[in-house]
There are 2 protein chains.
Amino acid sequence: MCELLGMSANVPTDICFSFSGLIKRGGGTGPHRDGWGIAFYQGRGIREFRDPQPGFNSEIAKFIKDFPIKSTVVISHIRQANVGKVSLENTHPYIRELEGRYWCYAHNGQLKDLDRLIGSSDKRFLPVGDTDSEAAFCWLMGVLAKSGEQSLDARQKTIHSCANQLAKLGVFNMLLSDGDRLYVYCSTKLHWITRRAPFGVATLQDDDISVNFGEETTVNDIVTMIATEPLTTNETWVKMQPGELAVFEKGELVVQA
Amino acid sequence: MCELLGMSANVPTDICFSFSGLIKRGGGTGPHRDGWGIAFYQGRGIREFRDPQPGFNSEIAKFIKDFPIKSTVVISHIRQANVGKVSLENTHPYIRELEGRYWCYAHNGQLKDLDRLIGSSDKRFLPVGDTDSEAAFCWLMGVLAKSGEQSLDARQKTIHSCANQLAKLGVFNMLLSDGDRLYVYCSTKLHWITRRAPFGVATLQDDDISVNFGEETTVNDIVTMIATEPLTTNETWVKMQPGELAVFEKGELVVQA
């Protein structure tokens, strides 16, 4: 199993604090030794860092932890390999362009008989690596491409329908974004929390670190964090239900289906 | 104008030495203040770093300069903006997936009347930013997609034909790779050098640095560097001719057309 971390915010926000917690699980406090990756949207652009090395002793991960990259949507993943060898092309998140936007995706879980689902579908997007996760992403992107440009409402329904079909093949917890919206699908385990004024002090579960968000933020900031397991010990995280799709935009929950 | 840097090698090789020279031109010894980017192929995977900040004082560039990432194909670019604002989505190199491979591209020059060329073409790939460079890349990738899977010989001819058409619209110096081959097209200015045993000492043009490649390499290593202007002062670089396509694979020149 792998761990997911996502963020949606209304102002560019750095993720150093949460990433510190996650990356410790990459072979430090957790068993996820098989690489990690993180993607930051900034405007329409995307910036990504990835490494097939365990996160807890990756030079690049150390750099990210200390260097505050401010972003409005972040998707991160640490990997414990089940399908696909440990290599750069098999590290999440995966990125493809559709309709002039970068779509970014990470998956936690394992899927079986994916070929049957993909078999008859559009092959516009093809996986580069050999994970079930990337194959599922390419199938999903192919469905979106075939649907053509959609309203936000229709698009969310298409994504939910695809995620439901994938979840029938195994465990499918997913983060997906087009840079504006963050689509979060729970098949077994995902938690989220929205932080807004008045901000308090949060203490990381995996590291001896606390942060006073009141000192780091303005009263208008709204920031939602999504994680496989709650990252902090002194806050209440919302546990998602199996089959649930939550959509976040500018830090706010905009759809819960 | 921008500067390009490419590498093709038969064994994973770090590019720290050459990148040190290039990045100094990013607002240090050169006028290219409007961002930079670098992509490293490792196996079928690709790792990229980019920044809309000037290279010479970018924290990420400093990290890359000191942290040896070994790769067989590298494409790098520093930008002096002419078309398109200074932003993350407008930094080269650009990447798209085709046929289950990541294709990576960087361009030096300016193109006019690109819309006329693109107008009637396949819109499978769309630019995310607003540079002429990315629009040209998306058009080229659309032509490759429409051609279907091709022999290496046919593909090289398709790429050469596309590059010639783009060069008619202005200045079009290009680096393009599918991870195996590095396609280098010269419209006005590009130089390359192949280094192999016996390796000597090279001295950077832009920095007070020399490196003895004999100490860094084995006798079997073959490494070609491609750059807008020669990066070293004591070696003989091959100057490319306008309209010329050179293709490198595993460090060797395999096609010159």
# chains A, B, ... in the order shown; residues from 1 in each chain; ligands from 1
$ interface_residues --of "chain B" --to "chain A" --cutoff "6 Å" --atoms "only C-alpha atoms" --output "list in words"
Arg44, Gly45, Leu88, Glu89, Gly100, Arg101, Leu126, Pro127 and Val128 of chain B
$ write_last_selection --atoms "C-alpha atoms" --output "PDB file, in the first residue's frame"
ATOM      1  CA  ARG B  44      11.811   5.263 -19.740  1.00  0.00           C
ATOM      2  CA  GLY B  45      11.174   7.710 -16.917  1.00  0.00           C
ATOM      3  CA  LEU B  88       6.125  28.238 -14.912  1.00  0.00           C
ATOM      4  CA  GLU B  89       3.918  26.981 -17.762  1.00  0.00           C
ATOM      5  CA  GLY B 100       3.865   5.113 -24.319  1.00  0.00           C
ATOM      6  CA  ARG B 101       6.996   7.264 -24.299  1.00  0.00           C
ATOM      7  CA  LEU B 126      -2.667  21.470 -27.070  1.00  0.00           C
ATOM      8  CA  PRO B 127      -0.329  23.997 -25.487  1.00  0.00           C
ATOM      9  CA  VAL B 128      -0.813  24.779 -21.780  1.00  0.00           C
TER      10      VAL B 128
END
$ residues_around --residues "His191 (chain A)" --least-positions-apart "6" --cutoff "10 Å" --atoms "only C-alpha atoms" --output "VMD selection string"
chain A and resid 4 to 5 184 225 to 231 236 to 241
$ write_last_selection --atoms "N, CA, C and O atoms" --output "PDB file, in the first residue's frame"
ATOM      1  N   LEU A   4      -1.036   8.683   0.171  1.00  0.00           N
ATOM      2  CA  LEU A   4      -1.349   9.846  -0.651  1.00  0.00           C
ATOM      3  C   LEU A   4      -1.368  11.103   0.207  1.00  0.00           C
ATOM      4  O   LEU A   4      -1.728  11.055   1.384  1.00  0.00           O
ATOM      5  N   LEU A   5      -1.001  12.214  -0.408  1.00  0.00           N
ATOM      6  CA  LEU A   5      -1.117  13.510   0.257  1.00  0.00           C
ATOM      7  C   LEU A   5      -1.556  14.526  -0.789  1.00  0.00           C
ATOM      8  O   LEU A   5      -0.971  14.601  -1.873  1.00  0.00           O
ATOM      9  N   VAL A 184     -11.070  13.912  -5.269  1.00  0.00           N
ATOM     10  CA  VAL A 184     -10.572  12.939  -4.297  1.00  0.00           C
ATOM     11  C   VAL A 184     -11.576  11.800  -4.209  1.00  0.00           C
ATOM     12  O   VAL A 184     -12.728  12.009  -3.826  1.00  0.00           O
ATOM     13  N   MET A 225      -6.187  19.830   3.445  1.00  0.00           N
ATOM     14  CA  MET A 225      -5.200  18.771   3.285  1.00  0.00           C
ATOM     15  C   MET A 225      -5.953  17.447   3.187  1.00  0.00           C
ATOM     16  O   MET A 225      -6.937  17.238   3.907  1.00  0.00           O
ATOM     17  N   ILE A 226      -5.479  16.575   2.300  1.00  0.00           N
ATOM     18  CA  ILE A 226      -6.055  15.232   2.166  1.00  0.00           C
ATOM     19  C   ILE A 226      -4.919  14.238   2.384  1.00  0.00           C
ATOM     20  O   ILE A 226      -3.830  14.417   1.828  1.00  0.00           O
ATOM     21  N   ALA A 227      -5.155  13.199   3.168  1.00  0.00           N
ATOM     22  CA  ALA A 227      -4.098  12.211   3.412  1.00  0.00           C
ATOM     23  C   ALA A 227      -4.719  10.846   3.684  1.00  0.00           C
ATOM     24  O   ALA A 227      -5.863  10.739   4.132  1.00  0.00           O
ATOM     25  N   THR A 228      -3.956   9.806   3.380  1.00  0.00           N
ATOM     26  CA  THR A 228      -4.408   8.440   3.642  1.00  0.00           C
ATOM     27  C   THR A 228      -4.767   8.289   5.117  1.00  0.00           C
ATOM     28  O   THR A 228      -5.870   7.845   5.454  1.00  0.00           O
ATOM     29  N   GLU A 229      -3.857   8.663   5.976  1.00  0.00           N
ATOM     30  CA  GLU A 229      -4.084   8.665   7.422  1.00  0.00           C
ATOM     31  C   GLU A 229      -3.900  10.094   7.921  1.00  0.00           C
ATOM     32  O   GLU A 229      -3.061  10.816   7.385  1.00  0.00           O
ATOM     33  N   PRO A 230      -4.643  10.505   8.963  1.00  0.00           N
ATOM     34  CA  PRO A 230      -4.428  11.853   9.501  1.00  0.00           C
ATOM     35  C   PRO A 230      -2.944  12.081   9.790  1.00  0.00           C
ATOM     36  O   PRO A 230      -2.256  11.179  10.284  1.00  0.00           O
ATOM     37  N   LEU A 231      -2.459  13.276   9.458  1.00  0.00           N
ATOM     38  CA  LEU A 231      -1.035  13.569   9.630  1.00  0.00           C
ATOM     39  C   LEU A 231      -0.747  14.220  10.974  1.00  0.00           C
ATOM     40  O   LEU A 231       0.392  14.280  11.411  1.00  0.00           O
ATOM     41  N   THR A 236      -9.094  17.279  14.219  1.00  0.00           N
ATOM     42  CA  THR A 236     -10.095  16.295  13.805  1.00  0.00           C
ATOM     43  C   THR A 236     -10.167  16.231  12.295  1.00  0.00           C
ATOM     44  O   THR A 236     -10.538  17.201  11.633  1.00  0.00           O
ATOM     45  N   TRP A 237      -9.796  15.102  11.736  1.00  0.00           N
ATOM     46  CA  TRP A 237      -9.843  14.896  10.287  1.00  0.00           C
ATOM     47  C   TRP A 237     -11.169  14.221   9.921  1.00  0.00           C
ATOM     48  O   TRP A 237     -11.680  13.398  10.681  1.00  0.00           O
ATOM     49  N   VAL A 238     -11.690  14.551   8.733  1.00  0.00           N
ATOM     50  CA  VAL A 238     -12.916  13.921   8.244  1.00  0.00           C
ATOM     51  C   VAL A 238     -12.539  12.624   7.531  1.00  0.00           C
ATOM     52  O   VAL A 238     -11.690  12.622   6.642  1.00  0.00           O
ATOM     53  N   LYS A 239     -13.174  11.530   7.948  1.00  0.00           N
ATOM     54  CA  LYS A 239     -12.912  10.237   7.312  1.00  0.00           C
ATOM     55  C   LYS A 239     -13.867  10.075   6.129  1.00  0.00           C
ATOM     56  O   LYS A 239     -15.076  10.206   6.286  1.00  0.00           O
ATOM     57  N   MET A 240     -13.341   9.791   4.956  1.00  0.00           N
ATOM     58  CA  MET A 240     -14.202   9.619   3.785  1.00  0.00           C
ATOM     59  C   MET A 240     -14.822   8.220   3.761  1.00  0.00           C
ATOM     60  O   MET A 240     -14.288   7.278   4.339  1.00  0.00           O
ATOM     61  N   GLN A 241     -15.952   8.116   3.053  1.00  0.00           N
ATOM     62  CA  GLN A 241     -16.662   6.845   2.952  1.00  0.00           C
ATOM     63  C   GLN A 241     -16.309   6.133   1.639  1.00  0.00           C
ATOM     64  O   GLN A 241     -16.042   6.791   0.632  1.00  0.00           O
TER      65      GLN A 241
END
$ residues_around --residues "region 18-22 of chain A" --least-positions-apart "2" --cutoff "9 Å" --atoms "only C-alpha atoms" --output "tab-separated table (two decimals) with N, CA and C atoms, in the first residue's frame"
chain	number	residue	atom	x	y	z
A	3	GLU	N	0.94	5.76	0.30
A	3	GLU	CA	0.26	6.86	0.98
A	3	GLU	C	0.11	8.05	0.05
A	4	LEU	N	-1.04	8.68	0.17
A	4	LEU	CA	-1.35	9.85	-0.65
A	4	LEU	C	-1.37	11.10	0.21
A	5	LEU	N	-1.00	12.21	-0.41
A	5	LEU	CA	-1.12	13.51	0.26
A	5	LEU	C	-1.56	14.53	-0.79
A	15	ILE	N	3.80	23.43	1.53
A	15	ILE	CA	3.34	22.16	2.09
A	15	ILE	C	4.46	21.51	2.89
A	16	CYS	N	5.49	22.30	3.23
A	16	CYS	CA	6.68	21.76	3.92
A	16	CYS	C	6.30	20.95	5.16
A	24	LYS	N	8.60	11.01	6.07
A	24	LYS	CA	9.13	10.14	7.12
A	24	LYS	C	8.59	8.72	6.97
A	25	ARG	N	7.34	8.63	6.44
A	25	ARG	CA	6.75	7.31	6.26
A	25	ARG	C	7.40	6.56	5.10
A	26	GLY	N	8.17	7.27	4.28
A	26	GLY	CA	8.85	6.64	3.16
A	26	GLY	C	10.08	5.91	3.63
A	55	GLY	N	11.90	7.89	0.39
A	55	GLY	CA	11.76	9.31	0.69
A	55	GLY	C	12.60	9.76	1.87
A	61	ALA	N	14.09	14.91	-1.65
A	61	ALA	CA	13.03	15.09	-0.65
A	61	ALA	C	13.48	16.06	0.44
A	62	LYS	N	14.74	15.96	0.84
A	62	LYS	CA	15.27	16.90	1.85
A	62	LYS	C	15.17	18.33	1.33
A	64	ILE	N	13.05	19.56	-0.90
A	64	ILE	CA	11.64	19.99	-0.93
A	64	ILE	C	11.14	20.33	0.46
A	65	LYS	N	11.58	19.54	1.44
A	65	LYS	CA	11.13	19.72	2.82
A	65	LYS	C	11.55	21.09	3.34
A	66	ASP	N	12.73	21.54	2.88
A	66	ASP	CA	13.29	22.79	3.41
A	66	ASP	C	13.01	24.01	2.53
A	76	SER	N	0.83	14.41	-3.89
A	76	SER	CA	2.05	13.70	-3.54
A	76	SER	C	1.74	12.24	-3.21
A	77	HIS	N	2.75	11.40	-3.30
A	77	HIS	CA	2.57	9.95	-3.18
A	77	HIS	C	3.87	9.32	-2.72
A	78	ILE	N	3.79	8.42	-1.75
A	78	ILE	CA	4.97	7.58	-1.49
A	78	ILE	C	4.57	6.14	-1.73
A	204	LEU	N	2.60	17.18	14.25
A	204	LEU	CA	2.75	16.04	13.33
A	204	LEU	C	2.80	14.72	14.06
A	205	GLN	N	2.13	13.72	13.47
A	205	GLN	CA	2.10	12.37	14.00
A	205	GLN	C	3.46	11.68	13.89
A	206	ASP	N	4.21	11.96	12.78
A	206	ASP	CA	5.38	11.18	12.43
A	206	ASP	C	6.69	11.87	12.75
A	207	ASP	N	6.64	13.03	13.32
A	207	ASP	CA	7.86	13.80	13.48
A	207	ASP	C	7.66	14.67	14.70
A	209	ILE	N	7.49	17.66	15.39
A	209	ILE	CA	7.35	19.02	14.89
A	209	ILE	C	5.93	19.52	15.15
A	225	MET	N	-6.19	19.83	3.45
A	225	MET	CA	-5.20	18.77	3.29
A	225	MET	C	-5.95	17.45	3.19
A	227	ALA	N	-5.16	13.20	3.17
A	227	ALA	CA	-4.10	12.21	3.41
A	227	ALA	C	-4.72	10.85	3.68
A	231	LEU	N	-2.46	13.28	9.46
A	231	LEU	CA	-1.03	13.57	9.63
A	231	LEU	C	-0.75	14.22	10.97
A	232	THR	N	-1.80	14.75	11.60
A	232	THR	CA	-1.59	15.45	12.87
A	232	THR	C	-2.36	14.75	13.99
$ atom_distance --atom1 "CA of Ile69 (chain A)" --atom2 "CA of Ile38 (chain A)"
11.2 Å
$ atom_distance --atom1 "CA of Asn220 (chain A)" --atom2 "CA of Phe248 (chain A)"
16.7 Å
$ residues_around --residues "Gly214 (chain A)" --least-positions-apart "5" --cutoff "8 Å" --atoms "only C-alpha atoms" --output "list in words"
Ala197, Pro198, Phe199, Gly200 and Val201 of chain A
$ residues_around --residues "Asn164 (chain A)" --least-positions-apart "3" --cutoff "10 Å" --atoms "only C-alpha atoms" --output "MDAnalysis selection string"
chainID A and resid 158:161 167:169 172 185:187 242:245
$ residues_around --residues "Cys162 (chain B)" --least-positions-apart "5" --cutoff "10 Å" --atoms "only C-alpha atoms" --output "list in words"
Ala136, Phe137, Trp139, Leu140, Met141, Val143, Leu144, Gln156, Lys157 and Ala167 of chain B
$ residues_around --residues "Arg196 (chain B)" --least-positions-apart "2" --cutoff "10 Å" --atoms "only C-alpha atoms" --output "PyMOL selection string"
chain B and resi 193-194+198-200+213-214+217-224+251-252
$ select_by_dssp --residues "region 12-251 of chain B" --states "strand (DSSP E)" --output "MDAnalysis selection string"
chainID B and resid 12:13 36:42 45:51 71:78 94:98 101:108 173:177 181:186 191:196 201:203 210:212 222:227 238:239 244:249
$ select_by_dssp --residues "region 169-248 of chain B" --states "helix (DSSP H, G or I)" --output "ChimeraX atom specification"
/B:213-216
$ write_last_selection --atoms "N, CA, C and O atoms" --output "mmCIF file, in the first residue's frame"
data_model
loop_
_atom_site.group_PDB
_atom_site.id
_atom_site.type_symbol
_atom_site.label_atom_id
_atom_site.label_comp_id
_atom_site.auth_asym_id
_atom_site.auth_seq_id
_atom_site.Cartn_x
_atom_site.Cartn_y
_atom_site.Cartn_z
ATOM 1 N N PHE B 213 38.022 14.936 -17.573
ATOM 2 C CA PHE B 213 37.071 13.862 -17.833
ATOM 3 C C PHE B 213 37.730 12.496 -17.697
ATOM 4 O O PHE B 213 37.057 11.506 -17.450
ATOM 5 N N GLY B 214 39.066 12.436 -17.871
ATOM 6 C CA GLY B 214 39.792 11.171 -17.699
ATOM 7 C C GLY B 214 39.597 10.593 -16.298
ATOM 8 O O GLY B 214 39.535 9.375 -16.124
ATOM 9 N N GLU B 215 39.443 11.473 -15.315
ATOM 10 C CA GLU B 215 39.254 11.013 -13.930
ATOM 11 C C GLU B 215 37.799 10.657 -13.639
ATOM 12 O O GLU B 215 37.504 9.985 -12.662
ATOM 13 N N GLU B 216 36.882 11.149 -14.484
ATOM 14 C CA GLU B 216 35.447 11.022 -14.196
ATOM 15 C C GLU B 216 34.794 9.887 -14.973
ATOM 16 O O GLU B 216 33.642 9.568 -14.732
#
$ decode --residues "region 96-217 of chain A" --atoms "C-alpha atoms" --output "PDB file, in the first residue's frame"
ATOM      1  CA  ARG A  96      -0.869  14.037 -19.035  1.00  0.00           C
ATOM      2  CA  GLU A  97      -2.102  17.041 -21.012  1.00  0.00           C
ATOM      3  CA  LEU A  98      -5.769  17.239 -21.990  1.00  0.00           C
ATOM      4  CA  GLU A  99      -7.581  20.280 -23.429  1.00  0.00           C
ATOM      5  CA  GLY A 100      -4.506  22.456 -22.831  1.00  0.00           C
ATOM      6  CA  ARG A 101      -4.261  21.616 -19.128  1.00  0.00           C
ATOM      7  CA  TYR A 102      -1.921  19.351 -17.209  1.00  0.00           C
ATOM      8  CA  TRP A 103      -3.864  16.629 -15.416  1.00  0.00           C
ATOM      9  CA  CYS A 104      -2.069  15.095 -12.481  1.00  0.00           C
ATOM     10  CA  TYR A 105      -2.962  11.846 -10.688  1.00  0.00           C
ATOM     11  CA  ALA A 106      -1.825   9.555  -7.901  1.00  0.00           C
ATOM     12  CA  HIS A 107      -3.343   6.263  -6.770  1.00  0.00           C
ATOM     13  CA  ASN A 108      -3.232   4.122  -3.674  1.00  0.00           C
ATOM     14  CA  GLY A 109      -4.302   0.494  -3.956  1.00  0.00           C
ATOM     15  CA  GLN A 110      -4.146  -2.432  -6.339  1.00  0.00           C
ATOM     16  CA  LEU A 111      -6.349  -3.283  -9.320  1.00  0.00           C
ATOM     17  CA  LYS A 112      -7.038  -6.657 -10.958  1.00  0.00           C
ATOM     18  CA  ASP A 113      -8.294  -7.498 -14.451  1.00  0.00           C
ATOM     19  CA  LEU A 114      -7.719  -3.939 -15.587  1.00  0.00           C
ATOM     20  CA  ASP A 115      -7.117  -5.197 -19.135  1.00  0.00           C
ATOM     21  CA  ARG A 116     -10.758  -6.201 -19.465  1.00  0.00           C
ATOM     22  CA  LEU A 117     -11.863  -2.634 -18.707  1.00  0.00           C
ATOM     23  CA  ILE A 118      -9.217  -1.035 -20.914  1.00  0.00           C
ATOM     24  CA  GLY A 119      -9.525  -3.569 -23.733  1.00  0.00           C
ATOM     25  CA  SER A 120     -12.092  -1.885 -25.925  1.00  0.00           C
ATOM     26  CA  SER A 121     -11.324   1.707 -24.951  1.00  0.00           C
ATOM     27  CA  ASP A 122      -9.664   4.595 -26.711  1.00  0.00           C
ATOM     28  CA  LYS A 123      -5.845   4.230 -26.676  1.00  0.00           C
ATOM     29  CA  ARG A 124      -5.057   7.917 -26.952  1.00  0.00           C
ATOM     30  CA  PHE A 125      -3.137   7.877 -23.665  1.00  0.00           C
ATOM     31  CA  LEU A 126      -0.684   5.038 -23.047  1.00  0.00           C
ATOM     32  CA  PRO A 127       1.273   4.182 -19.911  1.00  0.00           C
ATOM     33  CA  VAL A 128       5.052   4.686 -20.001  1.00  0.00           C
ATOM     34  CA  GLY A 129       5.755   2.456 -17.003  1.00  0.00           C
ATOM     35  CA  ASP A 130       4.195  -0.867 -16.010  1.00  0.00           C
ATOM     36  CA  THR A 131       2.015  -0.052 -12.986  1.00  0.00           C
ATOM     37  CA  ASP A 132      -1.713  -0.780 -12.804  1.00  0.00           C
ATOM     38  CA  SER A 133      -2.068   2.774 -11.458  1.00  0.00           C
ATOM     39  CA  GLU A 134      -0.747   4.460 -14.600  1.00  0.00           C
ATOM     40  CA  ALA A 135      -2.780   2.153 -16.857  1.00  0.00           C
ATOM     41  CA  ALA A 136      -5.928   3.132 -14.917  1.00  0.00           C
ATOM     42  CA  PHE A 137      -5.045   6.828 -15.239  1.00  0.00           C
ATOM     43  CA  CYS A 138      -4.539   6.524 -19.011  1.00  0.00           C
ATOM     44  CA  TRP A 139      -7.898   4.778 -19.344  1.00  0.00           C
ATOM     45  CA  LEU A 140      -9.597   7.503 -17.279  1.00  0.00           C
ATOM     46  CA  MET A 141      -7.969  10.263 -19.360  1.00  0.00           C
ATOM     47  CA  GLY A 142      -9.091   8.472 -22.523  1.00  0.00           C
ATOM     48  CA  VAL A 143     -12.690   8.484 -21.258  1.00  0.00           C
ATOM     49  CA  LEU A 144     -12.454  12.214 -20.450  1.00  0.00           C
ATOM     50  CA  ALA A 145     -10.969  12.940 -23.893  1.00  0.00           C
ATOM     51  CA  LYS A 146     -13.734  10.994 -25.600  1.00  0.00           C
ATOM     52  CA  SER A 147     -16.382  12.876 -23.586  1.00  0.00           C
ATOM     53  CA  GLY A 148     -15.114  16.143 -25.078  1.00  0.00           C
ATOM     54  CA  GLU A 149     -15.234  19.413 -23.145  1.00  0.00           C
ATOM     55  CA  GLN A 150     -17.782  19.094 -20.357  1.00  0.00           C
ATOM     56  CA  SER A 151     -19.414  21.308 -17.765  1.00  0.00           C
ATOM     57  CA  LEU A 152     -17.854  21.004 -14.307  1.00  0.00           C
ATOM     58  CA  ASP A 153     -20.914  19.090 -13.184  1.00  0.00           C
ATOM     59  CA  ALA A 154     -20.785  16.603 -16.077  1.00  0.00           C
ATOM     60  CA  ARG A 155     -17.043  16.172 -15.720  1.00  0.00           C
ATOM     61  CA  GLN A 156     -17.311  15.389 -12.036  1.00  0.00           C
ATOM     62  CA  LYS A 157     -19.959  12.754 -12.833  1.00  0.00           C
ATOM     63  CA  THR A 158     -17.734  11.200 -15.531  1.00  0.00           C
ATOM     64  CA  ILE A 159     -14.801  11.051 -13.109  1.00  0.00           C
ATOM     65  CA  HIS A 160     -16.985   9.569 -10.355  1.00  0.00           C
ATOM     66  CA  SER A 161     -18.321   6.929 -12.730  1.00  0.00           C
ATOM     67  CA  CYS A 162     -14.786   5.981 -13.875  1.00  0.00           C
ATOM     68  CA  ALA A 163     -13.552   5.797 -10.270  1.00  0.00           C
ATOM     69  CA  ASN A 164     -16.493   3.565  -9.311  1.00  0.00           C
ATOM     70  CA  GLN A 165     -15.670   1.206 -12.185  1.00  0.00           C
ATOM     71  CA  LEU A 166     -12.004   1.075 -11.146  1.00  0.00           C
ATOM     72  CA  ALA A 167     -12.898   0.518  -7.490  1.00  0.00           C
ATOM     73  CA  LYS A 168     -14.773  -2.637  -8.554  1.00  0.00           C
ATOM     74  CA  LEU A 169     -11.391  -4.061  -9.618  1.00  0.00           C
ATOM     75  CA  GLY A 170      -9.723  -3.664  -6.242  1.00  0.00           C
ATOM     76  CA  VAL A 171      -8.609  -0.819  -3.995  1.00  0.00           C
ATOM     77  CA  PHE A 172      -8.773   2.574  -5.651  1.00  0.00           C
ATOM     78  CA  ASN A 173      -8.045   5.666  -3.568  1.00  0.00           C
ATOM     79  CA  MET A 174      -7.278   8.523  -5.937  1.00  0.00           C
ATOM     80  CA  LEU A 175      -6.161  12.134  -6.170  1.00  0.00           C
ATOM     81  CA  LEU A 176      -6.721  13.826  -9.545  1.00  0.00           C
ATOM     82  CA  SER A 177      -6.484  17.471 -10.589  1.00  0.00           C
ATOM     83  CA  ASP A 178      -6.661  19.727 -13.628  1.00  0.00           C
ATOM     84  CA  GLY A 179      -4.936  22.512 -11.698  1.00  0.00           C
ATOM     85  CA  ASP A 180      -8.171  24.146 -10.526  1.00  0.00           C
ATOM     86  CA  ARG A 181     -10.160  21.346  -8.934  1.00  0.00           C
ATOM     87  CA  LEU A 182      -8.842  18.507  -6.811  1.00  0.00           C
ATOM     88  CA  TYR A 183     -10.931  15.324  -7.226  1.00  0.00           C
ATOM     89  CA  VAL A 184     -10.572  12.939  -4.297  1.00  0.00           C
ATOM     90  CA  TYR A 185     -12.046   9.446  -4.538  1.00  0.00           C
ATOM     91  CA  CYS A 186     -12.115   7.077  -1.571  1.00  0.00           C
ATOM     92  CA  SER A 187     -12.343   3.344  -2.025  1.00  0.00           C
ATOM     93  CA  THR A 188     -11.059   2.301   1.414  1.00  0.00           C
ATOM     94  CA  LYS A 189      -9.125   4.999   3.247  1.00  0.00           C
ATOM     95  CA  LEU A 190      -8.723   8.772   2.918  1.00  0.00           C
ATOM     96  CA  HIS A 191      -9.035  11.653   5.384  1.00  0.00           C
ATOM     97  CA  TRP A 192      -9.228  15.402   4.936  1.00  0.00           C
ATOM     98  CA  ILE A 193      -9.224  18.552   6.993  1.00  0.00           C
ATOM     99  CA  THR A 194      -9.957  22.175   6.094  1.00  0.00           C
ATOM    100  CA  ARG A 195      -7.987  24.753   8.026  1.00  0.00           C
ATOM    101  CA  ARG A 196      -9.181  28.377   8.222  1.00  0.00           C
ATOM    102  CA  ALA A 197      -9.086  31.294  10.671  1.00  0.00           C
ATOM    103  CA  PRO A 198      -8.755  31.167  13.606  1.00  0.00           C
ATOM    104  CA  PHE A 199      -5.765  28.911  12.927  1.00  0.00           C
ATOM    105  CA  GLY A 200      -4.287  26.862  15.729  1.00  0.00           C
ATOM    106  CA  VAL A 201      -1.192  24.816  16.429  1.00  0.00           C
ATOM    107  CA  ALA A 202      -0.863  21.436  14.691  1.00  0.00           C
ATOM    108  CA  THR A 203       1.442  18.627  15.792  1.00  0.00           C
ATOM    109  CA  LEU A 204       2.745  16.043  13.328  1.00  0.00           C
ATOM    110  CA  GLN A 205       2.102  12.365  14.000  1.00  0.00           C
ATOM    111  CA  ASP A 206       5.385  11.178  12.431  1.00  0.00           C
ATOM    112  CA  ASP A 207       7.861  13.795  13.477  1.00  0.00           C
ATOM    113  CA  ASP A 208       8.623  15.844  16.541  1.00  0.00           C
ATOM    114  CA  ILE A 209       7.346  19.021  14.885  1.00  0.00           C
ATOM    115  CA  SER A 210       4.533  21.467  15.652  1.00  0.00           C
ATOM    116  CA  VAL A 211       3.543  24.455  13.597  1.00  0.00           C
ATOM    117  CA  ASN A 212       1.451  27.454  14.576  1.00  0.00           C
ATOM    118  CA  PHE A 213      -0.549  28.120  11.412  1.00  0.00           C
ATOM    119  CA  GLY A 214      -1.712  31.407  12.966  1.00  0.00           C
ATOM    120  CA  GLU A 215       1.824  32.741  12.473  1.00  0.00           C
ATOM    121  CA  GLU A 216       2.136  31.371   8.923  1.00  0.00           C
ATOM    122  CA  THR A 217      -1.171  32.469   7.418  1.00  0.00           C
TER     123      THR A 217
END
